[in-house]
Each structure stands twice: as C-alpha cells, then as structure tokens.
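See structure below.
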Amino acid sequence: MKLKAKIVLLAIVPFLAAIASIEIGVRREATALAQTQHATTQAAYMTSKEIELKHYVELATSAIAPLYEASQDNARDDALRRTRALDILEKMDFGKDGYFFVYDMHGRSLMHPREPDLVGRDLSELRDPQGVPTIRKLLAAASQGGGYVRYLWHRPSTGKLASKLGYVVPLERWGWMIGTGIYLDDVDTTLAHIDERAAMNIDRTMMWIDAIALAGLAAIALCALVLNVTEYRSADAKLKRLAQQVVESQENERARLSRELHDGISQMMVSVKLLLESALARFERSETRVPAAEAALSTSLTRLGDTLREVRRISHALRPSMLDDLGVAAAIEQLTRELSEQSGIEIGFTQIAHTHAPALPDAVNTVLFRIAQEALTNIVRHAHASSAALALEIAHDAVTLTIADNGSGFDVTHAFVGRRSGVGLRNMRERVEALGGTLALSSQPGHTLVTARVPLGVGTTELPTRSLQETSL
C-alpha cells in the first residue's frame with residue numbers, strides 16, 4: 001500500500017470510528033430519553049385520568065346522596081328511592097363513551113345506559129378474551145372501599161373491545177357498586193404520537209450526524225484529491241524538467257562528440273591521408289617502382305577517405321555545425337538534401353520568414369531540427385513515400401514546422417499509447433511540450449501531416465528586416 005493511501009486511511013478510519021461511536025451513543029441516549037418521556041407522560045396522563053374519574057364518581061354519589069341518606073331514616077320507601085337513584089345515574093354521562101354503571105355486590109347489573117340488555121343479568125362469571133373475570137375485579141376493588149381497575153370492555157362508539165380504566169366505590173347500605181371509566185385508546189394514541197415524534201427526532205439527529213460524516217469524508221477526500229493532484233503536478237513538472245535536462249545533456253554531449261570527431265579525429269585522419277598521399281607520390285616519382293606497395297597505399301587512401309567521410313557524416317548527424325552557424329533553416333535544408341540523395345525520395349523544403357520575425361533561440365532551433373530529423377527518418381524507413389515536403393514558418397509570435405508525405409500513413413489513435421506506439425513520436429511531443437508548444441498529427445493512406453508549433457517569447461531578438469523569403473529544393 002502506498003504512503004498516500006495509508007495517510008488517507010489513517011485519517012478516514014478514526015473519523016468513521018468516532019462518528020460511529022457518537023451515533024451509537026446519541027441513539028442510545030435519545031432512546032433512553034424517549035422511553036423516560038413516554039413513562040413520565042403516561043404516568044402523568046394516567047394520574048390526571050384517575051383524578052378525573054374519581055371526580056366523576058364523587059359527582060354521581062353527590063347527586064344521589066339525598067336519596068341514599070333518606071333511606072336510612074325511612075326504610076319503607078327504600079325501593080322507590082333506589083329506583084329514582086338509578087334513573088338519575090342513567091341520565092348522567094360525560095361525552096360519547098362516558099357513563100356510569102351500577103352492580104349489586106353479587107355481580108348482577110342494575111343499570112347500564114349504553115348496554116340496557118345487560119340489566120338484570122348476573123355477570124359475575126363474565127370474562128374477557130384473556131380469561132380475566134372483569135366484574136369480579138370491579139367487585140373486589142369496591143369491597144375494599146373503592147379503587148381503580150384496568151380491564152377490557154366493549155366501546156359503545158366502535159363496538160370493539162378496548163382497554164378501559166374504571167373507578168368504583170361501594171354503597172354498602174344498598175349493597176351497590178357504582179362506578180365509571182374511560183377508554184384508554186386516546187391515551188395509547190397520544191403516547192403513540194409522542195413515541196413517533198421521538199423516533200422522528202432520533203432519526204433526524206442520525207441523519208444530521210450522517211450528513212456531517214459525509215461532509216467530513218468529502219472534505220477528507222477533497223483534501224486527498226488536492227494533495228494527490230498537487231503532488232502529481234509537482235512530480236509531472238519535475239519529470240518534465242528532468243526530461244528537458246536529459247535532452248539538453250544529450251544535445252550537449254552530441255555537440256561535444258561532434259566537435260571531437262570534427263576537430264580531433266577528423267583532423268588526425270586528414271593528416272594521415274596527406275602523409276599517405278605524399279608517400280604514394282614519392283613511390284610514383286622514384287626510379288624503382290614497387291607496384292604492390294603502390295596498390296596497398298592506393299587502397300589505404302581509398303578506405304581512409306571512406307572512413308573520413310563516415311566520420312564527418314556521424315559528426316554532422318550528431319550536431320550539424322550549420323545549425324549553430326547559420327540557424328535551423330539552413331540545417332534542415334542541408335538535411336533534406338542529404339536524405340533525398342541517399343533515399344531517392346523527392347524532399348522539398350520551404351522557409352517563410354515574416355517581416356520583423358524574431359531570431360529563434362538555440363533551444364527552439366535544436367527542437368525543430370530534431371523533429372525534422374526524426375520525421376524524415378520515419379518517412380525514409382517506414383512511410384514508403386515517393387515525395388515529402390517541409391515548411392518552416394517564422395512569425396512574430398510563433399514558429400511552425402510542418403512535414404508532409406504521400407506514404408502509407410499510420411494509426412494516429414495508437415501513435416502515443418499502446419503496443420504500436422513509437423518512441424520517436426513521444427520524443428517529438430515531449431520536446432515540443434517542454435517549450436510550451438504543441439504537436440499535431442493527421443494521417444491517412446496517401447497523406448500524412450505532422451505540425452509542430454512553438455510559441456516565441458516577446459524578448460527574443462528580431463531578425464534583420466526582410467521580405468518574405470522562400471527556399472525550396
């Protein structure tokens with residue numbers, strides 16, 4: 001794993017671990033808080049309902065209290081008073097499902113305003129779907145002086161079983177149990193809404209934490225991307241500078257070798273040739289002729305001349321002196337002439353220099369010459385062309401070199417990438433891009449065009465003012 005990837009992981013993993021820990025802790029605390037809120041709200045709501053029920057029962061007992069107290073003094077009309085008390089209780093209600101019920105202490109229904117068919121029936125054995133004896137629970141609470149009971153009962157407005165909280169008190173002298181109740185559906189609905197809102201708040205908090213985590217990851221990724229791009233650009237710039245230094249060192253070494261060959265070895269070989277020619281002349285002028293020696297000297301002179309020409313050719317290929325003395329146009333013209341003579345391909349050269357065109361720097365001269373040299377070499381070796389043309393245009397802001405041929409062409413899409421890519425084309429592009437220029441290629445069977453354009457700086461020296469000049473082979 002690369003160092004940059006390790007650094008990114010060291011930044012991301014602890015961040016994700018911290019976010020996950022925070023999310024788990026916040027969810028746990030929020031859930032505990034929601035449960036506490038649920039329990040507190042439920043207790044408060046139930047307490048208020050219990051107080052409300054007790055108040056209702058007290059109102060009911062207060063309404064029949066005169067009848068109940070009068071029966072103590074006069075038992076003769078007790079049955080009539082009980083009937084009147086039941087009528088009063090039957091007419092008392094609170095809301096659609098709020099009513100009072102009366103049972104005797106044996107479980108027989110004496111009054112039920114919402115379910116009159118139950119009146120007169122013994123309901124002591126009545127059980128809910130869970131098997132709990134409902135009326136017995138109510139009677140047990142009443143026998144202890146009154147109390148609250150939770151049970152299941154049919155809700156009149158819906159006809160379905162629902163949880164109910166009842167409050168009952170005894171009327172001992174009459175042997176009655178009087179009570180009322182409220183259905184807990186509303187309480188459960190209210191608590192369900194509270195739980196739903198709490199869950200939504202928890203989910204919203206988690207979403208915020210996730211959004212913060214994503215924003216943090218995006219920031220880390222952006223920083224990593226910026227760091228990667230910065231390092232890539234720095235490395236690319238260093239690589240380009242290194243490539244340029246390599247090219248410069250190669251050109252310097254070529255120039256040095258060219259000078260050594262031209263000024264050293266070439267001069268020594270010329271001296272040897274002169275000595276051999278002098279020796280051969282003496283043999284020819286002497287009275288005693290040695291044909292074998294003369295033939296050997298003549299052969300040596302021929303081979304030495306061939307070697308001298310080869311050395312000069314190599315010296316010229318390494319770094320033509322004309323490039324430094326007369327400029328890139330003269331060097332390219334000489335190159336086209338030599339390659340045309342050697343290969344038999346008709347190669348033309350045209351130079352176009354605009355008025356007030358600047359003089360080309362040495363670096364530009366070298367790059368343009370090497371591009372021309374590489375392109376012509378490719379034409380001679382691979383293009384199977386019968387003719388080619390080069391044009392050098394020097395304007396005030398840029399210099400453009402175009403090389404065209406009528407050869408077989410090549411696939412431009414694979415010119416710089418893939419197995420079919422060539423080192424020469426990549427070198428040409430790198431040389432031009434090192435000077436801030438561009439290299440364009442277009443190729444098809446019968447026509448291939450290579451265009452190299454290099455911008456010129458404002459501070460370059462101008463060439464002597466002259467009209468449009470063209471030189472062609």
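Chain labels follow the order of the structure tokens: the first chain is A, the next B, and so on; residue numbering restarts at 1 in every chain, and ligands are counted from 1 in their shown order.
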- Tell me, as a list in words, which residues lie within 9 Å of stretch 46-60 of chain A, counting only C-alpha atoms; anything in the same chain fewer than 3 positions away does not count.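 In the requested format, the answer is Thr41, Gln42, Ala43, Ala63, Ile64, Ala65, Ile88, Leu89, Met92, Phe94, Phe100, Tyr148, Leu165, Gly166, Tyr167, Val168, Val169, Ile178, Gly179, Thr180, Gly181, Ile182 and Val187 of chain A.
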Test item: residues at most 9 Å from stretch 364-377 of chain A, only C-alpha atoms, excluding those fewer than 4 positions along its chain, as a short mmCIF file (atom, residue, chain, number, x, y, z; two decimals) with N, CA and C atoms, in the first residue's frame:
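The resulting file, part28.cif, is shown below:
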```cif
data_model
loop_
_atom_site.label_atom_id
_atom_site.label_comp_id
_atom_site.auth_asym_id
_atom_site.auth_seq_id
_atom_site.Cartn_x
_atom_site.Cartn_y
_atom_site.Cartn_z
N GLU A 251 22.00 16.78 -26.00
CA GLU A 251 22.43 17.70 -27.06
C GLU A 251 23.85 18.20 -26.79
N LEU A 323 23.77 24.21 -37.95
CA LEU A 323 22.70 24.58 -37.04
C LEU A 323 23.14 25.70 -36.10
N ASP A 324 24.38 25.63 -35.65
CA ASP A 324 24.89 26.67 -34.76
C ASP A 324 25.36 27.90 -35.53
N GLY A 327 21.75 28.63 -38.47
CA GLY A 327 20.39 28.50 -37.99
C GLY A 327 19.69 27.24 -38.46
N VAL A 328 18.44 27.08 -37.97
CA VAL A 328 17.70 25.85 -38.21
C VAL A 328 17.28 25.71 -39.66
N ALA A 329 17.00 26.80 -40.35
CA ALA A 329 16.55 26.69 -41.74
C ALA A 329 17.65 26.10 -42.63
N ALA A 331 20.16 24.28 -41.62
CA ALA A 331 20.43 22.90 -41.20
C ALA A 331 19.38 21.95 -41.75
N ILE A 332 18.08 22.34 -41.71
CA ILE A 332 17.02 21.49 -42.25
C ILE A 332 17.17 21.35 -43.76
N LEU A 335 19.80 18.90 -44.36
CA LEU A 335 19.32 17.56 -44.00
C LEU A 335 18.43 16.99 -45.10
N THR A 336 17.52 17.80 -45.62
CA THR A 336 16.62 17.31 -46.68
C THR A 336 17.41 16.96 -47.93
N LEU A 339 19.27 13.54 -47.23
CA LEU A 339 18.37 12.39 -47.20
C LEU A 339 17.74 12.14 -48.56
N LEU A 360 15.36 32.92 -33.67
CA LEU A 360 14.97 31.77 -32.87
C LEU A 360 16.04 31.45 -31.83
N ARG A 381 12.25 5.32 -43.53
CA ARG A 381 12.26 3.92 -43.06
C ARG A 381 10.89 3.25 -43.18
N HIS A 382 9.79 3.96 -42.91
CA HIS A 382 8.51 3.28 -42.73
C HIS A 382 7.40 3.74 -43.67
N ALA A 388 8.10 14.08 -50.20
CA ALA A 388 7.82 14.71 -48.91
C ALA A 388 8.12 16.19 -49.02
N LEU A 390 8.69 19.85 -46.47
CA LEU A 390 8.83 20.50 -45.18
C LEU A 390 8.64 21.99 -45.37
N VAL A 399 6.68 29.91 -34.19
CA VAL A 399 7.32 29.28 -35.33
C VAL A 399 6.65 27.93 -35.55
N THR A 400 6.35 27.62 -36.79
CA THR A 400 5.61 26.41 -37.13
C THR A 400 6.40 25.61 -38.15
N LEU A 401 6.56 24.32 -37.87
CA LEU A 401 7.23 23.39 -38.78
C LEU A 401 6.23 22.32 -39.17
N THR A 402 6.02 22.14 -40.48
CA THR A 402 5.12 21.12 -40.98
C THR A 402 5.89 20.16 -41.88
N ILE A 403 5.61 18.87 -41.72
CA ILE A 403 6.23 17.83 -42.53
C ILE A 403 5.10 16.99 -43.13
N GLY A 424 9.95 7.57 -31.09
CA GLY A 424 10.28 8.80 -31.78
C GLY A 424 9.19 9.84 -31.69
N LEU A 425 7.92 9.43 -31.87
CA LEU A 425 6.81 10.38 -31.79
C LEU A 425 6.67 10.94 -30.39
N ASN A 427 9.06 11.27 -28.22
CA ASN A 427 10.17 12.21 -28.01
C ASN A 427 9.88 13.56 -28.69
N MET A 428 9.31 13.50 -29.89
CA MET A 428 8.96 14.74 -30.59
C MET A 428 7.96 15.55 -29.77
N ARG A 429 6.92 14.89 -29.27
CA ARG A 429 5.91 15.61 -28.49
C ARG A 429 6.51 16.17 -27.20
N ARG A 431 9.59 17.03 -26.61
CA ARG A 431 10.46 18.16 -26.92
C ARG A 431 9.64 19.43 -27.15
N VAL A 432 8.56 19.32 -27.91
CA VAL A 432 7.74 20.50 -28.20
C VAL A 432 7.04 21.00 -26.92
N LEU A 435 8.86 23.21 -24.49
CA LEU A 435 8.95 24.63 -24.83
C LEU A 435 7.59 25.31 -24.83
N VAL A 450 2.52 16.23 -40.12
CA VAL A 450 3.00 16.47 -38.76
C VAL A 450 3.25 17.97 -38.62
N ALA A 452 4.35 20.98 -35.91
CA ALA A 452 4.91 21.38 -34.61
C ALA A 452 4.88 22.90 -34.52
N VAL A 454 5.67 26.16 -31.92
CA VAL A 454 6.34 26.59 -30.70
C VAL A 454 6.15 28.09 -30.55
N LEU A 456 6.86 31.91 -29.36
CA LEU A 456 8.09 32.68 -29.18
C LEU A 456 7.87 33.76 -28.15
#
```
- Nearest candidate to A:Thr61 (options A:Val102, A:Arg136, A:Leu222, A:Ala198; using only C-alpha atoms):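 For A:Thr61, the nearest of the candidates is A:Val102.
Taking stretch 95-133 of chain A and asking which residues DSSP calls strand (DSSP E or B) on the backbone, you get Tyr99, Phe100, Phe101, Val102, Tyr103, Asp104, Arg108, Ser109, Leu110, Met111, Asp122, Arg127 and Pro133 of chain A.
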Mind writing the picked residues with N, CA and C atoms as a compact mmCIF listing (two decimals), in the first residue's frame?
```txt
# COMPACT_ATOMS: atom_id res chain seq x y z
N TYR A 99 -70.05 7.17 30.86
CA TYR A 99 -71.32 6.83 31.51
C TYR A 99 -71.01 6.19 32.87
N PHE A 100 -72.07 6.02 33.67
CA PHE A 100 -71.97 5.35 34.97
C PHE A 100 -72.67 4.01 34.89
N PHE A 101 -72.18 3.05 35.67
CA PHE A 101 -72.80 1.72 35.74
C PHE A 101 -72.97 1.36 37.22
N VAL A 102 -73.98 0.51 37.47
CA VAL A 102 -74.30 0.09 38.85
C VAL A 102 -74.50 -1.42 38.86
N TYR A 103 -73.84 -2.09 39.78
CA TYR A 103 -74.00 -3.52 40.02
C TYR A 103 -74.28 -3.73 41.49
N ASP A 104 -75.00 -4.85 41.80
CA ASP A 104 -75.05 -5.22 43.22
C ASP A 104 -73.79 -5.98 43.57
N ARG A 108 -74.79 -8.71 39.75
CA ARG A 108 -75.94 -8.51 38.87
C ARG A 108 -75.99 -7.06 38.44
N SER A 109 -76.18 -6.84 37.13
CA SER A 109 -76.22 -5.49 36.58
C SER A 109 -77.54 -4.84 36.93
N LEU A 110 -77.48 -3.65 37.56
CA LEU A 110 -78.67 -2.90 37.94
C LEU A 110 -78.95 -1.75 36.97
N MET A 111 -77.92 -1.19 36.37
CA MET A 111 -78.11 -0.08 35.44
C MET A 111 -76.88 0.03 34.51
N ASP A 122 -76.83 -11.64 35.72
CA ASP A 122 -75.72 -11.91 36.64
C ASP A 122 -74.45 -12.05 35.79
N ARG A 127 -66.00 -13.06 31.58
CA ARG A 127 -64.54 -12.99 31.41
C ARG A 127 -64.21 -12.36 30.06
N PRO A 133 -61.70 -12.42 34.93
CA PRO A 133 -63.08 -12.13 35.36
C PRO A 133 -63.25 -10.63 35.61
```
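Candidate residues A:Arg197, A:His354, A:Lys240, A:Arg303 were compared for distance to A:Gly436, and the nearest is A:Lys240, using only C-alpha atoms.
Note that the spacing between atom CA of A:Ser387 and atom CA of A:Glu310 amounts to 26.1 Å.
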- Task: Please identify all polymer residues within 9 Å of A:Leu441, counting only C-alpha atoms, omitting same-chain residues fewer than 5 positions from it, and present them as number ranges by chain.
- Result: A: 412, 415, 448-452
Write the residues of the selection above to a file with C-alpha atoms, as an mmCIF file, in the first residue's frame.
```
data_model
loop_
_atom_site.group_PDB
_atom_site.id
_atom_site.type_symbol
_atom_site.label_atom_id
_atom_site.label_comp_id
_atom_site.auth_asym_id
_atom_site.auth_seq_id
_atom_site.Cartn_x
_atom_site.Cartn_y
_atom_site.Cartn_z
ATOM 1 C CA VAL A 412 -2.919 8.271 -35.102
ATOM 2 C CA ALA A 415 0.615 6.825 -32.042
ATOM 3 C CA THR A 448 0.411 12.288 -43.507
ATOM 4 C CA LEU A 449 0.925 15.668 -41.856
ATOM 5 C CA VAL A 450 2.999 16.474 -38.765
ATOM 6 C CA THR A 451 2.732 20.027 -37.392
ATOM 7 C CA ALA A 452 4.909 21.379 -34.610
#
```
- DSSP helix (DSSP H, G or I) selection over stretch 222-409 of chain A, as a ChimeraX atom specification: /A:222-285,291-318,321-325,328-343,362-383
- Measure the distance from atom CA of A:Gly305 to atom CA of A:Ala279 in Å and round it to one decimal.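 Taking atom CA of A:Gly305 as the start and atom CA of A:Ala279 as the end point, the length is 15.7 Å.
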